[in-house]
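Source file: my_file_19.pdb (PDB, C-alpha atoms, pLDDT in the B column)
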```pdb
MODEL        1
ATOM      1  CA  MET A   1      11.917  25.194  -8.213  1.00 66.00           C
ATOM      2  CA  ILE A   2       8.319  24.111  -8.540  1.00 76.00           C
ATOM      3  CA  THR A   3       5.692  26.754  -7.984  1.00 82.00           C
ATOM      4  CA  LEU A   4       2.646  25.479  -6.184  1.00 90.00           C
ATOM      5  CA  LYS A   5      -0.814  26.180  -7.457  1.00 92.00           C
ATOM      6  CA  PRO A   6      -2.755  28.469  -5.125  1.00 94.00           C
ATOM      7  CA  ASP A   7      -5.105  25.651  -4.086  1.00 94.00           C
ATOM      8  CA  GLU A   8      -2.148  23.359  -3.242  1.00 95.00           C
ATOM      9  CA  ALA A   9      -0.540  26.048  -1.095  1.00 95.00           C
ATOM     10  CA  ALA A  10      -3.871  26.788   0.585  1.00 96.00           C
ATOM     11  CA  LYS A  11      -4.422  23.116   1.405  1.00 96.00           C
ATOM     12  CA  ALA A  12      -0.962  22.867   2.933  1.00 97.00           C
ATOM     13  CA  ASP A  13      -1.456  26.012   4.991  1.00 97.00           C
ATOM     14  CA  GLN A  14      -4.876  24.889   6.182  1.00 97.00           C
ATOM     15  CA  PHE A  15      -3.487  21.522   7.276  1.00 97.00           C
ATOM     16  CA  LEU A  16      -0.689  23.199   9.229  1.00 97.00           C
ATOM     17  CA  ASP A  17      -3.175  25.497  10.911  1.00 97.00           C
ATOM     18  CA  GLU A  18      -5.361  22.544  11.882  1.00 97.00           C
ATOM     19  CA  GLN A  19      -2.340  20.685  13.290  1.00 97.00           C
ATOM     20  CA  HIS A  20      -0.922  23.621  15.242  1.00 97.00           C
ATOM     21  CA  ASP A  21      -1.759  22.262  18.705  1.00 97.00           C
ATOM     22  CA  ARG A  22      -0.119  18.920  17.900  1.00 97.00           C
ATOM     23  CA  LEU A  23       2.966  20.655  16.544  1.00 97.00           C
ATOM     24  CA  SER A  24       3.148  22.872  19.611  1.00 97.00           C
ATOM     25  CA  ARG A  25       3.135  19.813  21.855  1.00 98.00           C
ATOM     26  CA  LEU A  26       6.169  18.532  19.973  1.00 98.00           C
ATOM     27  CA  GLY A  27       7.898  21.885  20.497  1.00 98.00           C
ATOM     28  CA  GLU A  28       7.190  21.568  24.204  1.00 98.00           C
ATOM     29  CA  SER A  29       8.648  18.039  24.184  1.00 97.00           C
ATOM     30  CA  LEU A  30      11.757  19.331  22.432  1.00 97.00           C
ATOM     31  CA  PHE A  31      12.164  21.964  25.138  1.00 97.00           C
ATOM     32  CA  GLU A  32      11.739  19.362  27.874  1.00 96.00           C
ATOM     33  CA  THR A  33      14.286  17.133  26.161  1.00 96.00           C
ATOM     34  CA  PHE A  34      16.930  19.575  24.939  1.00 95.00           C
ATOM     35  CA  GLY A  35      16.340  22.551  27.228  1.00 93.00           C
ATOM     36  CA  TYR A  36      18.652  25.507  26.806  1.00 90.00           C
ATOM     37  CA  ASP A  37      21.798  26.845  28.434  1.00 83.00           C
ATOM     38  CA  ARG A  38      20.548  29.040  31.263  1.00 79.00           C
ATOM     39  CA  LYS A  39      23.984  30.600  31.856  1.00 78.00           C
ATOM     40  CA  THR A  40      24.579  31.799  28.321  1.00 77.00           C
ATOM     41  CA  LYS A  41      20.870  31.930  27.428  1.00 74.00           C
ATOM     42  CA  ARG A  42      21.636  29.979  24.254  1.00 85.00           C
ATOM     43  CA  VAL A  43      19.079  27.680  22.737  1.00 91.00           C
ATOM     44  CA  SER A  44      19.968  24.102  21.935  1.00 93.00           C
ATOM     45  CA  SER A  45      22.145  23.698  18.879  1.00 93.00           C
ATOM     46  CA  GLN A  46      20.090  20.580  18.122  1.00 95.00           C
ATOM     47  CA  ILE A  47      16.979  22.716  17.643  1.00 96.00           C
ATOM     48  CA  ARG A  48      18.835  25.231  15.490  1.00 96.00           C
ATOM     49  CA  ASN A  49      20.299  22.390  13.416  1.00 97.00           C
ATOM     50  CA  LEU A  50      16.835  20.907  12.902  1.00 98.00           C
ATOM     51  CA  GLN A  51      15.515  24.288  11.818  1.00 98.00           C
ATOM     52  CA  GLN A  52      18.450  24.822   9.470  1.00 98.00           C
ATOM     53  CA  ILE A  53      18.123  21.457   7.740  1.00 98.00           C
ATOM     54  CA  VAL A  54      14.384  21.884   7.228  1.00 98.00           C
ATOM     55  CA  CYS A  55      14.790  25.369   5.790  1.00 97.00           C
ATOM     56  CA  SER A  56      17.645  24.429   3.467  1.00 97.00           C
ATOM     57  CA  ALA A  57      16.622  20.929   2.377  1.00 97.00           C
ATOM     58  CA  THR A  58      15.893  20.316  -1.280  1.00 95.00           C
ATOM     59  CA  LEU A  59      14.691  16.784  -0.561  1.00 96.00           C
ATOM     60  CA  PHE A  60      12.197  15.916   2.144  1.00 97.00           C
ATOM     61  CA  ALA A  61      14.150  12.730   2.846  1.00 97.00           C
ATOM     62  CA  ASP A  62      17.112  14.878   3.935  1.00 98.00           C
ATOM     63  CA  ILE A  63      15.031  16.016   6.919  1.00 98.00           C
ATOM     64  CA  GLU A  64      14.070  12.487   7.884  1.00 98.00           C
ATOM     65  CA  ASP A  65      17.664  11.352   7.434  1.00 98.00           C
ATOM     66  CA  PHE A  66      18.921  14.161   9.671  1.00 97.00           C
ATOM     67  CA  VAL A  67      16.694  12.988  12.529  1.00 98.00           C
ATOM     68  CA  LYS A  68      17.676   9.352  12.043  1.00 97.00           C
ATOM     69  CA  ASN A  69      21.345  10.326  11.945  1.00 96.00           C
ATOM     70  CA  GLN A  70      21.045  12.320  15.169  1.00 96.00           C
ATOM     71  CA  MET A  71      19.287   9.391  16.852  1.00 95.00           C
ATOM     72  CA  GLY A  72      22.040   6.986  15.818  1.00 95.00           C
ATOM     73  CA  LYS A  73      25.086   8.894  16.989  1.00 91.00           C
ATOM     74  CA  GLY A  74      26.860   7.664  20.093  1.00 82.00           C
ATOM     75  CA  THR A  75      26.553  10.952  21.950  1.00 84.00           C
ATOM     76  CA  ALA A  76      24.527  12.465  24.766  1.00 84.00           C
ATOM     77  CA  SER A  77      22.455  14.367  22.221  1.00 86.00           C
ATOM     78  CA  ALA A  78      21.683  11.041  20.487  1.00 90.00           C
ATOM     79  CA  ARG A  79      20.033   9.823  23.681  1.00 92.00           C
ATOM     80  CA  ASP A  80      17.955  13.000  23.695  1.00 94.00           C
ATOM     81  CA  TRP A  81      17.032  12.459  20.056  1.00 96.00           C
ATOM     82  CA  GLN A  82      16.064   8.887  20.849  1.00 95.00           C
ATOM     83  CA  ARG A  83      13.534  10.238  23.361  1.00 95.00           C
ATOM     84  CA  VAL A  84      11.799  12.511  20.827  1.00 97.00           C
ATOM     85  CA  GLY A  85      12.927  11.172  17.458  1.00 97.00           C
ATOM     86  CA  GLU A  86      10.107   8.702  16.958  1.00 97.00           C
ATOM     87  CA  GLU A  87       7.495  11.447  17.376  1.00 97.00           C
ATOM     88  CA  VAL A  88       9.439  13.763  15.071  1.00 98.00           C
ATOM     89  CA  LEU A  89       9.647  11.028  12.436  1.00 98.00           C
ATOM     90  CA  LYS A  90       5.971  10.182  12.878  1.00 98.00           C
ATOM     91  CA  GLN A  91       4.991  13.784  12.261  1.00 98.00           C
ATOM     92  CA  LEU A  92       7.262  13.939   9.223  1.00 98.00           C
ATOM     93  CA  ARG A  93       5.696  10.717   7.863  1.00 97.00           C
ATOM     94  CA  ASP A  94       2.280  12.311   8.361  1.00 97.00           C
ATOM     95  CA  LEU A  95       3.406  15.348   6.353  1.00 97.00           C
ATOM     96  CA  ARG A  96       4.717  13.092   3.582  1.00 97.00           C
ATOM     97  CA  GLN A  97       1.421  11.189   3.451  1.00 96.00           C
ATOM     98  CA  LYS A  98      -0.691  14.335   3.520  1.00 96.00           C
ATOM     99  CA  ALA A  99       1.271  15.895   0.637  1.00 96.00           C
ATOM    100  CA  MET A 100       0.348  12.977  -1.612  1.00 93.00           C
ATOM    101  CA  GLY A 101      -3.292  14.030  -1.470  1.00 93.00           C
ATOM    102  CA  MET A 102      -2.607  17.723  -1.995  1.00 95.00           C
ATOM    103  CA  ALA A 103      -0.804  17.617  -5.321  1.00 92.00           C
ATOM    104  CA  GLU A 104      -0.864  15.379  -8.375  1.00 88.00           C
ATOM    105  CA  SER A 105       2.590  15.449  -9.912  1.00 91.00           C
ATOM    106  CA  PRO A 106       5.649  14.125  -8.074  1.00 93.00           C
ATOM    107  CA  ASP A 107       7.358  17.524  -8.395  1.00 94.00           C
ATOM    108  CA  ALA A 108       4.370  19.313  -6.899  1.00 95.00           C
ATOM    109  CA  GLN A 109       4.163  16.718  -4.117  1.00 95.00           C
ATOM    110  CA  LEU A 110       7.809  17.418  -3.246  1.00 96.00           C
ATOM    111  CA  ALA A 111       7.090  21.151  -3.176  1.00 96.00           C
ATOM    112  CA  VAL A 112       4.089  20.561  -0.910  1.00 97.00           C
ATOM    113  CA  ARG A 113       6.144  18.293   1.377  1.00 97.00           C
ATOM    114  CA  LEU A 114       8.817  20.965   1.712  1.00 97.00           C
ATOM    115  CA  ARG A 115       6.196  23.678   2.328  1.00 97.00           C
ATOM    116  CA  LEU A 116       4.602  21.502   5.000  1.00 98.00           C
ATOM    117  CA  ALA A 117       7.991  20.774   6.579  1.00 98.00           C
ATOM    118  CA  ARG A 118       8.893  24.457   6.737  1.00 98.00           C
ATOM    119  CA  GLY A 119       5.553  25.332   8.304  1.00 98.00           C
ATOM    120  CA  TRP A 120       5.970  22.403  10.670  1.00 98.00           C
ATOM    121  CA  VAL A 121       9.403  23.521  11.848  1.00 98.00           C
ATOM    122  CA  ARG A 122       8.206  27.112  12.319  1.00 98.00           C
ATOM    123  CA  ALA A 123       5.440  25.921  14.639  1.00 98.00           C
ATOM    124  CA  VAL A 124       7.639  23.455  16.533  1.00 98.00           C
ATOM    125  CA  VAL A 125      10.551  25.854  17.008  1.00 98.00           C
ATOM    126  CA  SER A 126       8.243  28.717  17.929  1.00 98.00           C
ATOM    127  CA  GLU A 127       6.813  26.672  20.789  1.00 98.00           C
ATOM    128  CA  TYR A 128      10.314  25.634  21.866  1.00 97.00           C
ATOM    129  CA  LEU A 129      11.421  29.301  21.899  1.00 97.00           C
ATOM    130  CA  PHE A 130       8.259  30.308  23.765  1.00 97.00           C
ATOM    131  CA  ARG A 131       9.149  27.741  26.445  1.00 95.00           C
ATOM    132  CA  VAL A 132      12.674  29.191  26.599  1.00 95.00           C
ATOM    133  CA  ALA A 133      11.175  32.660  27.097  1.00 93.00           C
ATOM    134  CA  CYS A 134       8.855  31.389  29.833  1.00 93.00           C
ATOM    135  CA  ALA A 135      11.784  29.751  31.623  1.00 91.00           C
ATOM    136  CA  GLU A 136      13.781  32.971  31.359  1.00 89.00           C
ATOM    137  CA  MET A 137      10.910  35.016  32.797  1.00 89.00           C
ATOM    138  CA  GLU A 138      10.541  32.505  35.596  1.00 83.00           C
ATOM    139  CA  ASN A 139      14.264  32.655  36.355  1.00 75.00           C
ATOM    140  CA  ARG A 140      14.268  36.434  36.225  1.00 73.00           C
ATOM    141  CA  ASP A 141      11.399  37.191  38.529  1.00 65.00           C
ATOM    142  CA  GLY A 142      10.266  33.920  40.055  1.00 57.00           C
ATOM    143  CA  ARG A 143       6.917  33.649  38.305  1.00 52.00           C
ATOM    144  CA  VAL A 144       5.143  32.172  35.255  1.00 45.00           C
TER     145      VAL A 144
ENDMDL
END
```

Just give me the structure of the file as structure tokens.
Amino acid sequence: MITLKPDEAAKADQFLDEQHDRLSRLGESLFETFGYDRKTKRVSSQIRNLQQIVCSATLFADIEDFVKNQMGKGTASARDWQRVGEEVLKQLRDLRQKAMGMAESPDAQLAVRLRLARGWVRAVVSEYLFRVACAEMENRDGRV
């Protein structure tokens, strides 16, 4: 495991903070696309799977490959992924590109990419879950 230098970590965190509105919009799009099960109040397994792969990946490409794989399956969820997958992949490409300027060595760049991806998924999933909560409040008492 590569330990980032404090300035590399700070650059990554600053970038994520600056991009928060953009990431939140993606979380909103994921909610609009995948929704949640109102009966059981369960969030989409697709969102949980995305979060899991990002948090457990040792290679950044594994995250990109997960999205591409989901888009290519012949299922109903693949059609949903096809609606949002290009934007997800675009944001991941942006993270990959940004990491190149934040660290010098290839190992450090990988560590920055993974740090960026984990911050990215936290922001995206947080917005998705916020939208779930808003929908629940609306269902419960007819407002929001």

| task | Using all atoms listed in the file, find the one residue out of A:Gly74, A:Glu138, A:Val121, A:Phe34 that sits nearest to Leu50 of chain A. | result |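 Closest to Leu50 of chain A of all the choices is A:Val121.
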
| query | Expanded to explicit residues, what is the PyMOL selection byres ((chain A and resi 35) around 10) for this file, as a ChimeraX atom specification? | reply | /A:28-34,36-38,42-44,47,128-129,131-132,135

I need the chosen residues saved as a compact mmCIF listing (two decimals), in the coordinates of the input, with C-alpha atoms.
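Heads up, here's the output in result15.txt:
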```txt
# COMPACT_ATOMS: atom_id res chain seq x y z
CA GLU A 28 7.19 21.57 24.20
CA SER A 29 8.65 18.04 24.18
CA LEU A 30 11.76 19.33 22.43
CA PHE A 31 12.16 21.96 25.14
CA GLU A 32 11.74 19.36 27.87
CA THR A 33 14.29 17.13 26.16
CA PHE A 34 16.93 19.58 24.94
CA TYR A 36 18.65 25.51 26.81
CA ASP A 37 21.80 26.84 28.43
CA ARG A 38 20.55 29.04 31.26
CA ARG A 42 21.64 29.98 24.25
CA VAL A 43 19.08 27.68 22.74
CA SER A 44 19.97 24.10 21.94
CA ILE A 47 16.98 22.72 17.64
CA TYR A 128 10.31 25.63 21.87
CA LEU A 129 11.42 29.30 21.90
CA ARG A 131 9.15 27.74 26.44
CA VAL A 132 12.67 29.19 26.60
CA ALA A 135 11.78 29.75 31.62
```

| task | Write out as a PyMOL selection string which residues come within 12 Å of segment 98-102 of chain A when counting only C-alpha atoms, dropping same-chain ones fewer than 2 positions away. | result | chain A and resi 4-16+19+60+91-96+104-117

| said: Here is a test: counting all atoms listed in the file, which residue of A:Met71, A:Leu89, A:Gln51, A:Ala61 is nearest to Arg118 of chain A? | reply: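 Among the listed residues, the smallest separation from Arg118 of chain A belongs to A:Gln51.
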
| said: Applying 10 Å and only C-alpha atoms, which residues near Trp81 of chain A remain after dropping the ones on its own chain fewer than 4 positions away? List them as number ranges by chain. | reply: A: 30, 33-34, 46, 67-73, 75-77, 85-88

| task | Rounded to one decimal place, report the atom CA of Val84 of chain A-atom CA of Arg25 of chain A distance in Å. | result | 11.4 Å

| Quick one, how far is atom CA of Ser126 of chain A from atom CA of Ser56 of chain A? |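 Computing the Euclidean distance for atom CA of Ser126 of chain A and atom CA of Ser56 of chain A yields 17.8 Å.
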
| Point-to-point distance in Å for atom CA of Ala78 of chain A and atom CA of Glu64 of chain A |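 Atom CA of Ala78 of chain A lies 14.8 Å from atom CA of Glu64 of chain A.
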
Step by step: locate segment 73-103 of chain A in the block above, keep N, CA, C and O atoms, then write the file as a tab-separated table (two decimals), in the first residue's frame.
```
chain	number	residue	atom	x	y	z
A	73	LYS	N	-24.41	-5.88	-19.98
A	73	LYS	CA	-25.23	-7.06	-19.69
A	73	LYS	C	-26.57	-6.94	-20.40
A	73	LYS	O	-27.06	-5.85	-20.66
A	74	GLY	N	-27.19	-8.04	-20.68
A	74	GLY	CA	-28.48	-8.04	-21.35
A	74	GLY	C	-29.64	-8.04	-20.38
A	74	GLY	O	-30.55	-8.86	-20.49
A	75	THR	N	-29.61	-7.16	-19.41
A	75	THR	CA	-30.64	-7.13	-18.37
A	75	THR	C	-31.29	-5.76	-18.30
A	75	THR	O	-30.84	-4.80	-18.93
A	76	ALA	N	-32.35	-5.69	-17.49
A	76	ALA	CA	-33.02	-4.40	-17.29
A	76	ALA	C	-32.06	-3.41	-16.63
A	76	ALA	O	-32.05	-2.22	-16.99
A	77	SER	N	-31.26	-3.87	-15.71
A	77	SER	CA	-30.32	-2.96	-15.06
A	77	SER	C	-29.26	-2.45	-16.05
A	77	SER	O	-28.75	-1.34	-15.90
A	78	ALA	N	-28.95	-3.25	-17.08
A	78	ALA	CA	-28.00	-2.79	-18.10
A	78	ALA	C	-28.56	-1.59	-18.84
A	78	ALA	O	-27.83	-0.64	-19.14
A	79	ARG	N	-29.85	-1.60	-19.12
A	79	ARG	CA	-30.46	-0.44	-19.78
A	79	ARG	C	-30.37	0.79	-18.89
A	79	ARG	O	-30.14	1.89	-19.37
A	80	ASP	N	-30.54	0.59	-17.59
A	80	ASP	CA	-30.38	1.71	-16.65
A	80	ASP	C	-28.94	2.21	-16.66
A	80	ASP	O	-28.69	3.41	-16.72
A	81	TRP	N	-28.00	1.27	-16.63
A	81	TRP	CA	-26.59	1.66	-16.67
A	81	TRP	C	-26.25	2.37	-17.96
A	81	TRP	O	-25.43	3.29	-17.97
A	82	GLN	N	-26.87	1.97	-19.05
A	82	GLN	CA	-26.60	2.63	-20.32
A	82	GLN	C	-27.06	4.09	-20.29
A	82	GLN	O	-26.48	4.93	-20.97
A	83	ARG	N	-28.06	4.39	-19.50
A	83	ARG	CA	-28.54	5.77	-19.37
A	83	ARG	C	-27.56	6.66	-18.61
A	83	ARG	O	-27.42	7.83	-18.91
A	84	VAL	N	-26.88	6.10	-17.61
A	84	VAL	CA	-25.99	6.91	-16.76
A	84	VAL	C	-24.52	6.54	-16.89
A	84	VAL	O	-23.65	7.28	-16.42
A	85	GLY	N	-24.24	5.43	-17.54
A	85	GLY	CA	-22.87	4.91	-17.59
A	85	GLY	C	-21.86	5.83	-18.24
A	85	GLY	O	-20.72	5.94	-17.77
A	86	GLU	N	-22.27	6.49	-19.31
A	86	GLU	CA	-21.33	7.40	-19.98
A	86	GLU	C	-20.88	8.52	-19.05
A	86	GLU	O	-19.70	8.89	-19.02
A	87	GLU	N	-21.81	9.08	-18.28
A	87	GLU	CA	-21.44	10.15	-17.34
A	87	GLU	C	-20.57	9.60	-16.22
A	87	GLU	O	-19.61	10.25	-15.80
A	88	VAL	N	-20.88	8.41	-15.73
A	88	VAL	CA	-20.05	7.79	-14.70
A	88	VAL	C	-18.64	7.60	-15.25
A	88	VAL	O	-17.65	7.97	-14.59
A	89	LEU	N	-18.52	7.04	-16.43
A	89	LEU	CA	-17.21	6.80	-17.03
A	89	LEU	C	-16.47	8.11	-17.30
A	89	LEU	O	-15.25	8.19	-17.12
A	90	LYS	N	-17.19	9.13	-17.72
A	90	LYS	CA	-16.57	10.43	-17.95
A	90	LYS	C	-15.98	10.98	-16.66
A	90	LYS	O	-14.84	11.46	-16.63
A	91	GLN	N	-16.74	10.89	-15.58
A	91	GLN	CA	-16.22	11.38	-14.31
A	91	GLN	C	-15.04	10.55	-13.83
A	91	GLN	O	-14.07	11.10	-13.28
A	92	LEU	N	-15.07	9.26	-14.06
A	92	LEU	CA	-13.92	8.42	-13.70
A	92	LEU	C	-12.70	8.76	-14.54
A	92	LEU	O	-11.58	8.82	-14.02
A	93	ARG	N	-12.90	9.02	-15.84
A	93	ARG	CA	-11.77	9.45	-16.70
A	93	ARG	C	-11.19	10.77	-16.19
A	93	ARG	O	-9.98	10.96	-16.19
A	94	ASP	N	-12.06	11.67	-15.76
A	94	ASP	CA	-11.59	12.95	-15.22
A	94	ASP	C	-10.74	12.73	-13.96
A	94	ASP	O	-9.73	13.40	-13.77
A	95	LEU	N	-11.17	11.79	-13.12
A	95	LEU	CA	-10.38	11.48	-11.91
A	95	LEU	C	-9.02	10.91	-12.29
A	95	LEU	O	-7.99	11.28	-11.71
A	96	ARG	N	-9.02	10.01	-13.26
A	96	ARG	CA	-7.76	9.41	-13.73
A	96	ARG	C	-6.81	10.50	-14.24
A	96	ARG	O	-5.63	10.54	-13.89
A	97	GLN	N	-7.33	11.40	-15.05
A	97	GLN	CA	-6.52	12.48	-15.62
A	97	GLN	C	-6.01	13.41	-14.52
A	97	GLN	O	-4.84	13.80	-14.52
A	98	LYS	N	-6.87	13.76	-13.60
A	98	LYS	CA	-6.48	14.68	-12.53
A	98	LYS	C	-5.38	14.08	-11.66
A	98	LYS	O	-4.45	14.79	-11.25
A	99	ALA	N	-5.44	12.79	-11.40
A	99	ALA	CA	-4.44	12.12	-10.56
A	99	ALA	C	-3.05	12.21	-11.15
A	99	ALA	O	-2.05	12.27	-10.41
A	100	MET	N	-2.96	12.25	-12.47
A	100	MET	CA	-1.65	12.32	-13.12
A	100	MET	C	-0.91	13.60	-12.74
A	100	MET	O	0.32	13.60	-12.67
A	101	GLY	N	-1.63	14.66	-12.49
A	101	GLY	CA	-1.00	15.92	-12.13
A	101	GLY	C	-0.81	16.11	-10.63
A	101	GLY	O	-0.24	17.10	-10.20
A	102	MET	N	-1.27	15.15	-9.85
A	102	MET	CA	-1.18	15.28	-8.39
A	102	MET	C	-0.05	14.48	-7.77
A	102	MET	O	0.27	14.68	-6.61
A	103	ALA	N	0.48	13.55	-8.53
A	103	ALA	CA	1.55	12.69	-8.00
A	103	ALA	C	2.52	12.38	-9.13
A	103	ALA	O	2.14	12.36	-10.30
```
